[in-house]
Structure formats: C-alpha cells, structure tokens
Amino acid sequence: MTERDRPAPEAFLPAAAQEGRGRLKIFLGAAPGVGKTFEMLSEGAARSRAGVDVVVGIVETHGRADTAALTAGLEILPRRAIDHEGRMLTEMDLDALLERRPALALVDELAHTNAAGSRHPKRYQDIEELLEAGIDVYTTVNIQHVESLNDIVASFTRVRVRETVPDSVLEQAEIEVVDIPPDELIERLREGKVYLPQEATRALAHFFSKSNLSALRELALRRAAQAVDAQMLEHLRANALGGTWAGSERIVVAVSELAGADGLVRAAKRLADALHAPWTAVHIETARTRQLAPDGHRRIAEVLGLATKLGAQVATIPATHVIDGLKRFTIEARATQLVVGKSARSRWFELRHGSVVDRLVRETPGIAVHVLPLEERSRPSSRSTFWPAAGRWDRPSSYLYATLMVAAVTMLGAMMFRFLNIGNVALLYLLPVMAAASLFGLRPGLYAGLASSLAYNFVFLPPVGSLSVSNPENVVSIFVLIGVAIVTSQLTSRVRIEADLAAGSARTNAALAGFLRQLTALNDPNEVGQAACAEIARLLGLRTVLLEPGLAGLDVAATTEAGVRLEAIEMAAAQWAHDTGQPAGRGTGTLAASDWQFQPLRAGDRALGVMGLARDDGVDPIRADQLALLGSLVDQTSLALERLQLEAEMRDVEAVRERDRLRAALLSSVGHDLRTPLTSVLAASAELRRRYDDPLLETIESEAMRLNRFVANLLDMARVEAGALKLNIEPVDLTDAVAGAVHDTRRALEGHAIILEVSPDLPFVLVDPQLFHHVLINLLDNAGRYGDAGTPIAIKAQRAHDELLFSVLDQGRGLPPGREEEVFETFRRMEGSDRSIGGTGLGLAIVKGFAEAMGASVEARNRDDGRGACFTIHFPDRLVVRTADKVEL
C-alpha cells in the first residue's frame with residue numbers, strides 16, 4: 001500500500017466518536033413557513049410505516065391544520081409543565097423520552113431556549129443527550145439561527161436573532177434543505193398559512209421581503225453544500241479514495257519569489273470570491289529555495305503575508321521538486337482549481353529543463369489549472385539543478401581524495417592483473433567513481449570518472465603507457481565510468497535533499513516540543529516572557545523584545561539584550577500590531593521603515609502583547625521558510641501568557657467572591673441589628689405624635705422612616721447578592737403601582753410636580769409587586785434628590801417593538817458622560833461628578849438587582865434634551881400580559 005492509498009488515521013476519529021451514538025438529521029430552511037416541520041413529520045411517518053419505532057418528542061404546528069394532521073398515528077410524548085415566575089410553561093419531557101428510548105425521536109425547533117428550571121438551557125443540548133443515548137433524532141432549524149451566520153443575517157434583515165445554534169451541531173448532522181421560492185413563500189404568508197393575519201402584515205413589511213428571502217435562501221443552500229463537502233472529504237480520507245470529488249470548489253495558488261507572484265494571489269482571491277470557495281496559498285520549499293538571496297526570501301514572505309491579509313490559508317511544503325510538492329498538496333487538499341504563474345522562458349531553457357506548467361497540466365487530471373503570465377525581471381539567480389552549488393564536500397580536498405582513491409584502485413588492479421582480465425579490472429574502477437559521487441557530489445564524481453578512465457587507459461589498455469585506445473570496444477568502458485558518476489551523484493543529491501528536509505522537519509518539531517515544555521513549566525509571566533524571547537532568538541538567530549500593555553501604552557516586558565531602545569516609529573508599529581492583530585514593521589506592508597518587525601500575541605479576541613524581531617545586519621527578520629516555525633512559536637507564547645492571565649483572573653475572582661460573601665454577611669448582620677431599635681423608635685414617635693401636636697415629632701418620625709428605608713435597602717442588597725430573593729410573580733397595573741410609590745415618597749418629591757404619562761390602556765406587567773414597589777420608590781427618591789428644586793419629574797410608559805418601556809426622568813445636572821452604568825454599582829455615589837449629592841449608593845444598585853431578578857433590565861442615560869437624567873426599565877414581551885399569543889420570528 002502506497003502513502004497515497006493509505007487512509008488518513010485522523011479520518012477514523014469521527015467514525016470512532018459516532019460509535020454507539022444516535023444519528024442527527026436536520027431539516028434546514030431559509031425562513032419560517034418553508035415547510036420544515038411538515039417535511040420532518042412526513043419523513044417520520046414514513047419511517048413509522050416502515051416499522052421504525054418513532055416518537056414525537058415535541059412539535060410546534062403553529063395552528064396549521066395540514067401540519068397537525070401529520071401527527072395522527074404517531075406516538076406523541078406528553079409535555080412537561082414548568083412553573084416559571086407564576087406562569088405555566090410546557091417543554092419537552094427529556095427524562096420521559098430517554099426512558100421511552102425510541103429508535104427515532106422527532107424534536108422540533110433545534111434553536112429553542114428552554115424555560116428556566118429545565119436540565120439544559122438549550123434544546124440542542126437536550127438533543128445531544130438523546131444522541132449520546134443512541135437515539136436517532138430528526139429536528140428543524142432556520143438558517144438565521146446558525147451562530148456563524150448571525151451577524152450576516154442581521155446585516156440585511158435588521159433583525160438580531162437571539163436564539164442561535166453552534167456550527168458544530170450542523171457539522172455532525174445530515175442536512176436536508178427544505179426550500180421553496182420566495183414568491184411562493186410570500187403568497188403563503190398572505191394567505192395566513194405561516195402567521196396570523198395581523199402578524200403576517202408586519203412580517204411582509206420587514207423580514208419577509210423578497211430580497212431578504214432570496215439572500216436567506218442562498219445562505220441555506222451554501223451552508224448545506226459546505227456541510228456535505230466536509231462530510232465527503234472525511235469519507236474520502238477514511239477510505240483513501242483518490243480524486244477531488246468536489247462538492248464545492250477548493251482553490252490553491254502556488255507562489256514563489258518571482259516578480260508578479262502578488263498578482264497571482266490577488267487573482268486567486270478574486271476567483272475565490274466569485275466562487276465563494278476557500279483558498280490556500282502554498283510555497284514549495286526545495287533545495288534551490290535555500291540558495292536564494294535575502295531579497296528572494298523577503299519576496300516570498302511578502303507574498304504569503306499578502307495572502308493571509310486577503311483571507312487565505314498559507315502553507316510551506318518541503319519537496320525535492322516543485323511539481324512533486326504541488327501534486328502532493330493538491331491531492332491532500334482535494335483542490336479543484338490551481339492557479340500558477342508562467343514566466344517567459346527561452347525555447348532552449350524549456351528543452352533542457354522542461355516546463356513546470358505543462359507537466360502540471362499533464363499530471364494533475366481533474367484539476368482546472370489557471371496559468372497567468374509572470375514577469376521575468378527580478379528573478380533571483382540560482383544555479384541549475386543539474387549543476388548544484390558547491391557543498392561542504394565540494395572543496396579542493398574532495399578532488400585530492402578522489403585522486404587517491406583512483407590511485408589505490410590502480411595499484412590494486414596492477415597487483416591483481418595477472419589473475420584478472422582487462423574487463424574485470426575495469427569493474428574495479430566503479431568503486432572510486434561511486435564513492436566520490438556519493439560522498440563529494442557531481443563534479444568530484446565526474447572528475448573521478450575521468451581520472452579512472454585515463455588511469456585504466458594508460459595502465460591496462462594496449463598500447464600500455466599511452467592514452468591511445470587500440471580497441472574501440474574499450475571506449476565503452478570509459479563512457480560507462482562517466483555515466484555511473486553522473487547517475488550516482490544525481491541519486492545521492494536527491495537522497496541528501498530529502499534527508500535534509502526530513503532532518504529540518506525533525507529539528508523544527510523537536511524545537512517546538514522543547515519550547516512548549518519549557519513554557520509549561522513556568523508559572524511567572526515575566527519568566528515566560530524572558531524564556532520566549534531567549535528561545536525565539538536562539539532558534540531564529542534574531543534579537544527579540546516582548547512588549548505588553550502598560551498604563552501609558554506598551555512597555556518592554558522582556559528582551560534578549562539589555563538597554564534595548566525602540567524609536568517612535570518602532571513603538572507606532574508595535575501599537576498598530578497590538579491594536580489590529582496584524583504584523584507590522586520591517587518586512588510587512590505597514591510601517592516598513594521600522595528596524596523591527598512586530599508579531600501580535602493574541603488569544604481569541606484578547607490582545608496580550610507583541611513580539612518584536614530584528615537582525616543585526618538590517619535585513620528582514622523572517623525568511624519565508626521560517627514563517628511556519630515563527631507562527632508556532634508565537635502561538636505557543638500567546639497560549640502560555642493566556643494561561644497565566646486566566647490563572648491570575650481566577651485568583652482575583654475567588655478573592656472578590658470571598659469579599660462579597662463577607663460584605664453580604666456584614667450587611668445582613670448590621671441590617672438585622674438596626675431593624676429592632678428602629679421599629680421601637682418608629683412606634684414611639686407615632687405614639688408621641690398621636691398624643692402631642694409638635695412639628696419636631698414629625699421630623700423625628702420622618703427621619704426614622706428614612707433610616708428604616710436605608711436599613712431595608714441594606715437587607716435587600718444582601719438578599720440580591722446572596723441570590724436569596726423569593727419571587728411572587730403576578731400581573732401588576734403600572735398606573736396603580738406608580739400611584740402607590742408616589743404616595744410613599746411624597747416627602748422626597750416635595751416641591752416637584754409629577755407629570756404622569758402612563759396610559760391606563762397599557763397591559764399589565766408580570767412582576768413581584770413588593771420588589772417592583774421598592775424599585776419605583778428608589779427611582780422616585782433618586783429623581784427627587786437629584787432633580788433641581790421646583791422642576792417637574794416625568795413618569796412615562798410606552799410599548800416598543802418587542803418590549804414595554806417604563807421611564808423616570810428628572811431635570812437636573814445629568815450623569816457624567818460615558819459613566820452612566822457606574823451609577824448601578826454598589827455604594828457608588830459618583831463622587832466628584834455633577835451628581836455627587838448625598839445618598840448611600842445603594843438605591844440604584846437595588847433597582848438593578850431587583851429588576852434583573854424579575855427578568856427585566858435597567859438603563860441609565862441622559863435625557864435627549866440634555867436637561868437631566870433618564871432611568872428606563874425594559875420589560876421584554878414575556879413579562880407583558882397579552883390578550884393573544886404572538887408568534888415571533
């Protein structure tokens with residue numbers, strides 16, 4: 001079995017992971033209403049009629065009679081009821097389905113978010129548990145719910161879908177696209193077959209436009225094609241099948257140091273964009289590549305860097321010949337199209353060396369080869385592969401050793417001549433020729449062949465003692481010796497090149513393993529930075545410096561040389577690399593005048609720092625053949641630094657948790673200790689006021705009540721932070737709630753007119769009445785204290801697209817710009833700001849805590865007219881009592 005026929009070992013991993021698991025099939029649609037659920041139920045019913053044990057785990061018919069009719073004859077599992085904030089919700093009974101253990105489960109709406117209290121927050125996690133139990137699952141999903149496409153869909157539909165499914169779920173599933181033309185879907189919507197009539201009108205004006213549906217349809221078909229292509233490639237690798245088997249296009253562009261290679265990359269990018277195909281830029285590293293001048297290596301690095309910026313994957317492949325490397329890479333990548341350049345060559349050159357392009361066309365059947373002309377100028381000089389450059393053995397001593405070997409064989413042949421004939425003596429001369437060609441290369445081998453021919457002719461061929469040949473047949477022996485020298489040296493050169501490539505790969509792997517082992521053993525960021533700089537400098541022969549974010553920008557954290565000084569242009573290049581995540585400085589396309597090249601250190605979206613690289617001779621720091629090694633070293637350095645940062649953050653989190661626990665315990669203790677005497681004070685002041693009519697008693701009672709509210713806030717904050725709030729959710733009329741809160745804060749609102757803009761027709765909200773009363777009291781108390789004296793306070797409520805907004809607006813100095821959210825922090829009083837007037841810093845923190853506990857959210861901002869602050873509570877639709885259910889996209 002050849003290497004090409006051998007299945008890839010990693011291709012068996014998905015099959016091994018699938019052992020004992022159920023199979024997942026996803027019915028993928030471009031939009032609601034295309035018939036996903038209908039198709040799933042139809043296929044489930046067909047499987048049931050074929051004798052398969054089919055159970056409906058959960059299905060949403062949305063009132064469609066034709067869809068509901070398909071469930072007849074299928075076993076439907078009863079749903080599980082969940083009490084959520086006073087409302088009874090129903091979800092799929094996962095435990096009952098696992099206990100029932102059918103062969104096939106039908107589970108609708110893959111992206112659904114389960115109600116609080118369910119075992120998993122998402123339905124796709126329920127399905128994952130079913131698959132682990134060996135149950136096959138059919139499910140449905142729309143393309144806008146795929147996580148990687150969420151931003152793309154939102155960009156043209158203007159609808160941000162909150163329920164998403166990871167792409168990994170689709171990658172392990174069989175996908176069936178359920179598709180109908182946009183015009184037909186729009187007609188179904190108008191006929192009321194998708195949504196209720198009042199909802200259909202709004203959907204047609206927004207989400208269900210023909211342009212949106214066409215774009216969604218294209219995304220669905222393309223995503224399904226990608227999934228099919230990926231699964232097909234796994235099958236091909238597991239079974240060692242040849243050919244491209246293109247479910248989608250895959251493009252490879254071959255780059256070199258020749259002028260015009262950047263044009264090849266741009267052409268490949270345009271081709272990939274036109275075909276919506278992935279593409280790879282590959283450089284084949286041969287023995288000739290190592291003989292290039294520094295300018296040649298720099299051009300290769302620039303071209304690969306350009307490909308990376310344009311979105312390509314890049315690869316550097318070692319090979320004995322360009323054609324062999326390209327053929328092997330295109331086979332492994334299953335490429336369907338290859339972009340290569342052809343430079344202007346003379347006819348004589350092509351006769352001697354052949355045409356790489358012509359050979360590629362002949363030897364890569366099934367691949368479309370795009371040939372673009374390249375400029376011949378700026379071609380780095382290199383010797384012919386037939387006449388390799390002098391190596392470490394091709395020195396004058398090589399010819400001396402060859403001469404001594406020929407002389408030794410001549411002496412041996414002379415001593416044995418009386419026992420041997422002339423033909424046997426000629427065979428002895430093969431030994432020095434093969435030895436010289438193998439050990440010293442082509443030219444010493446040819447010299448040994450020529451010297452052997454002369455010695456053989458002079459000593460053994462008649463007339464002995466002269467260089468003339470009397471028998472023409474002996475001329476053949478002379479040419480055989482020269483031919484053996486040529487063939488042996490070529491074979492030896494090829495073996496040596498392959499050995500050098502293998503040794504280089506082994507050295508790289510060993511260096512990476514040692515580097516990773518060294519970084520893993522360190523637990524101090526400074527030590528990791530210093531070790532990374534030292535090891536990169538040693539492996540690549542560079543000067544290195546590590547810069548990390550500081551208080552005033554990037555600071556030097558580690559370096560291989562003391563007193564390193566970076567000029568303004570170097571710091572600008574380093575900052576640009578840090579901010580953009582792209583290399584900058586010498587040898588790149590950004591701030592190339594810098595003497596240093598800076599590589600960003602990133603972990604996900606987090607910027608950890610930059611690694612600076614420079615050479616003493618002033619040339620570009622990195623050659624093309626070092627790019628792969630540098631990338632691995634930089635990635636491992638980033639991972640090591642991220643590991644240490646995460647460990648430090650975890651220690652900080654534990655410290656914060658302990659601090660919060662102690663603070664909550666203190667608040668609770670102090671609050672309870674104050675509550676008892678305050679109750680007595682309030683009771684006594686109330687009794688005194690009943691007996692005596694003295695304004696001083698009213699002041700005592702008022703201040704005692706304010707102190708009591710403060711203590712209540714302490715206790716409430718302790719409950720919020722401890723997660724000990726017990727909710728009693730029920731419908732609340734906003735008008736009544738506002739009236740009660742205004743009455744209880746009348747002293748704080750004294751001097752302020754109340755402008756009430758809360759329509760009595762607004763729906764009720766589902767909240768805890770007591771907690772909501774606290775929220776309103778704190779908002780009104782805050783507005784009364786911070787609003788300018790004599791200014792009105794507005795209370796507004798209105799319906800929005802998918803929520804209800806409740807706002808309290810004062811007329812004061814407003815909030816410090818850019819620091820609006822800080823007002824919700826515990827004990828935050830915004831000291832030194834325009835609103836640093838009294839207060840304990842607990843009221844708004846309680847507002848936020850109580851609102852979020854009830855499922856709402858709070859926003860703080862300045863009024864649009866700039867005349868004060870506005871605090872808004874956002875009640876999502878699920879907290880709004882509606883007279884009729886509304887179907888959402």
# chains A, B, ... in the order shown; residues from 1 in each chain; ligands from 1

$ residues_around --residues "Arg123 in chain A" --least-positions-apart "2" --cutoff "8 Å" --atoms "only C-alpha atoms" --output "NGL selection string"
:A and (109-114 or 120-121 or 125-127)

$ residues_around --residues "range 755-772 of chain A" --least-positions-apart "6" --cutoff "6 Å" --atoms "only C-alpha atoms" --output "list of chain:residue names"
A:Leu727, A:Asn728, A:Ile729, A:Glu730, A:Pro731, A:Val732, A:Asp733, A:Ala794, A:Ile795, A:Lys796, A:Ala797, A:Leu879, A:Val880, A:Val881

$ write_last_selection --atoms "N, CA, C and O atoms" --output "PDB file, in the first residue's frame"
ATOM      1  N   LEU A 727     -39.453  35.181  44.660  1.00  0.00           N
ATOM      2  CA  LEU A 727     -40.337  35.967  43.809  1.00  0.00           C
ATOM      3  C   LEU A 727     -41.772  35.463  43.907  1.00  0.00           C
ATOM      4  O   LEU A 727     -42.021  34.249  43.981  1.00  0.00           O
ATOM      5  N   ASN A 728     -42.676  36.418  43.902  1.00  0.00           N
ATOM      6  CA  ASN A 728     -44.113  36.113  43.852  1.00  0.00           C
ATOM      7  C   ASN A 728     -44.676  36.874  42.646  1.00  0.00           C
ATOM      8  O   ASN A 728     -45.185  37.992  42.778  1.00  0.00           O
ATOM      9  N   ILE A 729     -44.574  36.267  41.489  1.00  0.00           N
ATOM     10  CA  ILE A 729     -44.905  36.956  40.241  1.00  0.00           C
ATOM     11  C   ILE A 729     -46.417  36.969  40.037  1.00  0.00           C
ATOM     12  O   ILE A 729     -47.094  35.936  40.177  1.00  0.00           O
ATOM     13  N   GLU A 730     -46.916  38.169  39.711  1.00  0.00           N
ATOM     14  CA  GLU A 730     -48.329  38.304  39.383  1.00  0.00           C
ATOM     15  C   GLU A 730     -48.507  39.542  38.515  1.00  0.00           C
ATOM     16  O   GLU A 730     -47.637  40.425  38.481  1.00  0.00           O
ATOM     17  N   PRO A 731     -49.627  39.632  37.769  1.00  0.00           N
ATOM     18  CA  PRO A 731     -49.849  40.817  36.922  1.00  0.00           C
ATOM     19  C   PRO A 731     -50.021  42.071  37.778  1.00  0.00           C
ATOM     20  O   PRO A 731     -50.720  42.065  38.788  1.00  0.00           O
ATOM     21  N   VAL A 732     -49.364  43.158  37.367  1.00  0.00           N
ATOM     22  CA  VAL A 732     -49.403  44.426  38.104  1.00  0.00           C
ATOM     23  C   VAL A 732     -49.782  45.540  37.133  1.00  0.00           C
ATOM     24  O   VAL A 732     -49.218  45.638  36.033  1.00  0.00           O
ATOM     25  N   ASP A 733     -50.720  46.380  37.548  1.00  0.00           N
ATOM     26  CA  ASP A 733     -51.114  47.551  36.771  1.00  0.00           C
ATOM     27  C   ASP A 733     -50.113  48.673  37.054  1.00  0.00           C
ATOM     28  O   ASP A 733     -49.918  49.080  38.207  1.00  0.00           O
ATOM     29  N   ALA A 794     -40.965  63.490  35.381  1.00  0.00           N
ATOM     30  CA  ALA A 794     -41.855  62.814  34.432  1.00  0.00           C
ATOM     31  C   ALA A 794     -41.772  61.302  34.624  1.00  0.00           C
ATOM     32  O   ALA A 794     -40.688  60.740  34.802  1.00  0.00           O
ATOM     33  N   ILE A 795     -42.925  60.659  34.588  1.00  0.00           N
ATOM     34  CA  ILE A 795     -43.019  59.189  34.643  1.00  0.00           C
ATOM     35  C   ILE A 795     -43.749  58.757  33.388  1.00  0.00           C
ATOM     36  O   ILE A 795     -44.913  59.116  33.177  1.00  0.00           O
ATOM     37  N   LYS A 796     -43.050  57.975  32.525  1.00  0.00           N
ATOM     38  CA  LYS A 796     -43.619  57.604  31.238  1.00  0.00           C
ATOM     39  C   LYS A 796     -43.591  56.087  31.074  1.00  0.00           C
ATOM     40  O   LYS A 796     -42.711  55.398  31.608  1.00  0.00           O
ATOM     41  N   ALA A 797     -44.558  55.588  30.316  1.00  0.00           N
ATOM     42  CA  ALA A 797     -44.587  54.168  29.937  1.00  0.00           C
ATOM     43  C   ALA A 797     -45.136  54.066  28.526  1.00  0.00           C
ATOM     44  O   ALA A 797     -46.101  54.755  28.177  1.00  0.00           O
ATOM     45  N   LEU A 879     -42.733  39.346  29.785  1.00  0.00           N
ATOM     46  CA  LEU A 879     -43.214  39.878  31.056  1.00  0.00           C
ATOM     47  C   LEU A 879     -44.442  40.762  30.876  1.00  0.00           C
ATOM     48  O   LEU A 879     -44.907  41.380  31.828  1.00  0.00           O
ATOM     49  N   VAL A 880     -44.946  40.848  29.653  1.00  0.00           N
ATOM     50  CA  VAL A 880     -46.110  41.679  29.358  1.00  0.00           C
ATOM     51  C   VAL A 880     -47.314  40.771  29.159  1.00  0.00           C
ATOM     52  O   VAL A 880     -47.268  39.829  28.363  1.00  0.00           O
ATOM     53  N   VAL A 881     -48.389  41.046  29.884  1.00  0.00           N
ATOM     54  CA  VAL A 881     -49.600  40.237  29.766  1.00  0.00           C
ATOM     55  C   VAL A 881     -50.313  40.632  28.488  1.00  0.00           C
ATOM     56  O   VAL A 881     -50.720  41.781  28.299  1.00  0.00           O
TER      57      VAL A 881
END

$ atom_distance --atom1 "CA of Tyr401 in chain A" --atom2 "CA of Phe417 in chain A"
23.8 Å

$ closest_residue --among "A:Glu39, A:Glu285, A:Glu218, A:Glu75" --to "Val55 in chain A" --atoms "only C-alpha atoms"
A:Glu75

$ closest_residue --among "A:Leu185, A:Ala572, A:Leu28, A:Ile622" --to "Leu542 in chain A" --atoms "only C-alpha atoms"
A:Ile622

$ atom_distance --atom1 "CA of Glu91 in chain A" --atom2 "CA of Ala115 in chain A"
7.3 Å

$ residues_around --residues "range 177-181 of chain A" --least-positions-apart "3" --cutoff "8 Å" --atoms "only C-alpha atoms" --output "PyMOL selection string"
chain A and resi 27-30+34-36+39+184-185+217+220-221+224

$ closest_residue --among "A:Leu547, A:Leu326, A:Ala603, A:Leu491" --to "Val339 in chain A" --atoms "only C-alpha atoms"
A:Leu326

$ residues_around --residues "range 291-304 of chain A" --least-positions-apart "5" --cutoff "6 Å" --atoms "only C-alpha atoms" --output "NGL selection string"
:A and (256-257 or 262 or 623-624)

$ closest_residue --among "A:Ala333, A:Ala154, A:Val146, A:Val711" --to "Ser168 in chain A" --atoms "only C-alpha atoms"
A:Val146

$ closest_residue --among "A:Gly44, A:Gly631, A:Gly73, A:Gly581" --to "Val137 in chain A" --atoms "only C-alpha atoms"
A:Gly44

$ select_by_dssp --residues "range 45-80 of chain A" --states "strand (DSSP E)" --output "PyMOL selection string"
chain A and resi 54-58+75-76+80

$ residues_around --residues "Glu147 in chain A" --least-positions-apart "5" --cutoff "12 Å" --atoms "only C-alpha atoms" --output "compact mmCIF listing (two decimals) with all heavy atoms, in the first residue's frame"
# COMPACT_ATOMS: atom_id res chain seq x y z
N ALA A 111 -33.19 25.40 17.77
CA ALA A 111 -32.61 26.58 18.42
C ALA A 111 -33.41 27.06 19.62
O ALA A 111 -33.07 28.09 20.21
CB ALA A 111 -32.46 27.71 17.41
N VAL A 141 -34.50 23.64 11.85
CA VAL A 141 -33.90 24.92 12.21
C VAL A 141 -33.89 25.81 10.98
O VAL A 141 -33.84 25.32 9.84
CB VAL A 141 -32.47 24.74 12.76
CG1 VAL A 141 -31.49 24.37 11.65
CG2 VAL A 141 -31.99 25.99 13.49
N ASN A 142 -33.98 27.12 11.20
CA ASN A 142 -33.85 28.10 10.12
C ASN A 142 -32.42 28.60 10.05
O ASN A 142 -31.70 28.64 11.06
CB ASN A 142 -34.80 29.28 10.34
CG ASN A 142 -36.25 28.90 10.09
OD1 ASN A 142 -36.54 28.08 9.22
ND2 ASN A 142 -37.15 29.47 10.88
N ILE A 152 -24.31 38.10 9.69
CA ILE A 152 -24.61 38.31 8.28
C ILE A 152 -26.11 38.50 8.09
O ILE A 152 -26.56 39.41 7.38
CB ILE A 152 -24.10 37.13 7.44
CG1 ILE A 152 -22.57 37.01 7.58
CG2 ILE A 152 -24.49 37.28 5.98
CD1 ILE A 152 -21.99 35.80 6.87
N VAL A 153 -26.90 37.66 8.75
CA VAL A 153 -28.36 37.77 8.61
C VAL A 153 -28.84 39.10 9.18
O VAL A 153 -29.69 39.78 8.57
CB VAL A 153 -29.04 36.58 9.33
CG1 VAL A 153 -30.54 36.78 9.37
CG2 VAL A 153 -28.69 35.27 8.62
N ALA A 154 -28.32 39.49 10.32
CA ALA A 154 -28.75 40.75 10.93
C ALA A 154 -28.38 41.95 10.08
O ALA A 154 -29.07 42.97 10.11
CB ALA A 154 -28.12 40.89 12.32
N ARG A 160 -31.93 40.93 14.86
CA ARG A 160 -30.90 40.17 15.55
C ARG A 160 -31.55 38.99 16.25
O ARG A 160 -32.35 39.13 17.17
CB ARG A 160 -30.20 41.06 16.57
CG ARG A 160 -29.25 40.33 17.49
CD ARG A 160 -28.01 39.85 16.78
NE ARG A 160 -27.19 40.97 16.31
CZ ARG A 160 -26.02 40.85 15.76
NH1 ARG A 160 -25.51 39.62 15.57
NH2 ARG A 160 -25.33 41.89 15.35
N VAL A 161 -31.25 37.78 15.77
CA VAL A 161 -31.81 36.56 16.33
C VAL A 161 -31.02 36.19 17.58
O VAL A 161 -29.79 36.04 17.52
CB VAL A 161 -31.77 35.41 15.30
CG1 VAL A 161 -32.31 34.14 15.92
CG2 VAL A 161 -32.59 35.79 14.08
N ARG A 162 -31.71 36.08 18.71
CA ARG A 162 -31.02 35.78 19.97
C ARG A 162 -30.83 34.28 20.19
O ARG A 162 -29.94 33.88 20.93
CB ARG A 162 -31.81 36.38 21.14
CG ARG A 162 -31.85 37.91 21.12
CD ARG A 162 -32.60 38.45 22.33
NE ARG A 162 -32.57 39.92 22.37
CZ ARG A 162 -33.47 40.68 21.79
NH1 ARG A 162 -34.48 40.12 21.15
NH2 ARG A 162 -33.38 42.00 21.87
N GLU A 163 -31.67 33.47 19.61
CA GLU A 163 -31.56 32.02 19.78
C GLU A 163 -30.71 31.46 18.65
O GLU A 163 -31.13 31.44 17.49
CB GLU A 163 -32.94 31.38 19.80
CG GLU A 163 -33.78 31.79 21.00
CD GLU A 163 -35.12 31.08 21.01
OE1 GLU A 163 -35.68 30.88 19.92
OE2 GLU A 163 -35.61 30.74 22.10
N THR A 164 -29.49 31.02 18.97
CA THR A 164 -28.57 30.52 17.95
C THR A 164 -28.10 29.11 18.30
O THR A 164 -28.19 28.67 19.45
CB THR A 164 -27.35 31.45 17.81
OG1 THR A 164 -26.67 31.54 19.08
CG2 THR A 164 -27.77 32.83 17.35
N VAL A 165 -27.60 28.44 17.28
CA VAL A 165 -27.11 27.07 17.41
C VAL A 165 -25.64 27.05 16.98
O VAL A 165 -25.30 27.61 15.93
CB VAL A 165 -27.92 26.09 16.53
CG1 VAL A 165 -27.35 24.70 16.60
CG2 VAL A 165 -29.37 26.10 16.96
N PRO A 166 -24.74 26.44 17.75
CA PRO A 166 -23.35 26.38 17.33
C PRO A 166 -23.20 25.63 16.00
O PRO A 166 -23.93 24.67 15.72
CB PRO A 166 -22.67 25.61 18.47
CG PRO A 166 -23.59 25.75 19.63
CD PRO A 166 -24.97 25.84 19.07
N ASP A 167 -22.24 26.04 15.20
CA ASP A 167 -21.99 25.39 13.92
C ASP A 167 -21.60 23.93 14.08
O ASP A 167 -21.83 23.11 13.19
CB ASP A 167 -20.90 26.14 13.15
CG ASP A 167 -21.38 27.48 12.63
OD1 ASP A 167 -21.75 28.33 13.46
OD2 ASP A 167 -21.40 27.67 11.40
N SER A 168 -21.00 23.60 15.23
CA SER A 168 -20.58 22.21 15.45
C SER A 168 -21.75 21.25 15.42
O SER A 168 -21.58 20.07 15.08
CB SER A 168 -19.84 22.10 16.79
OG SER A 168 -20.68 22.54 17.85
N VAL A 169 -22.95 21.71 15.78
CA VAL A 169 -24.12 20.84 15.75
C VAL A 169 -24.44 20.47 14.30
O VAL A 169 -24.76 19.31 14.00
CB VAL A 169 -25.32 21.54 16.41
CG1 VAL A 169 -26.57 20.67 16.30
CG2 VAL A 169 -25.03 21.84 17.86
N LEU A 170 -24.35 21.43 13.39
CA LEU A 170 -24.63 21.15 11.99
C LEU A 170 -23.55 20.29 11.36
O LEU A 170 -23.82 19.50 10.45
CB LEU A 170 -24.78 22.45 11.20
CG LEU A 170 -26.16 23.12 11.22
CD1 LEU A 170 -26.44 23.75 12.58
CD2 LEU A 170 -26.28 24.16 10.14
N ARG A 223 -24.69 26.82 2.98
CA ARG A 223 -24.28 26.16 4.22
C ARG A 223 -24.48 24.66 4.12
O ARG A 223 -23.66 23.88 4.61
CB ARG A 223 -25.10 26.72 5.38
CG ARG A 223 -24.65 26.20 6.76
CD ARG A 223 -23.23 26.62 7.02
NE ARG A 223 -22.71 26.11 8.27
CZ ARG A 223 -22.22 24.90 8.44
NH1 ARG A 223 -22.19 24.04 7.43
NH2 ARG A 223 -21.73 24.52 9.61

$ atom_distance --atom1 "CA of Thr544 in chain A" --atom2 "CA of Thr560 in chain A"
5.8 Å
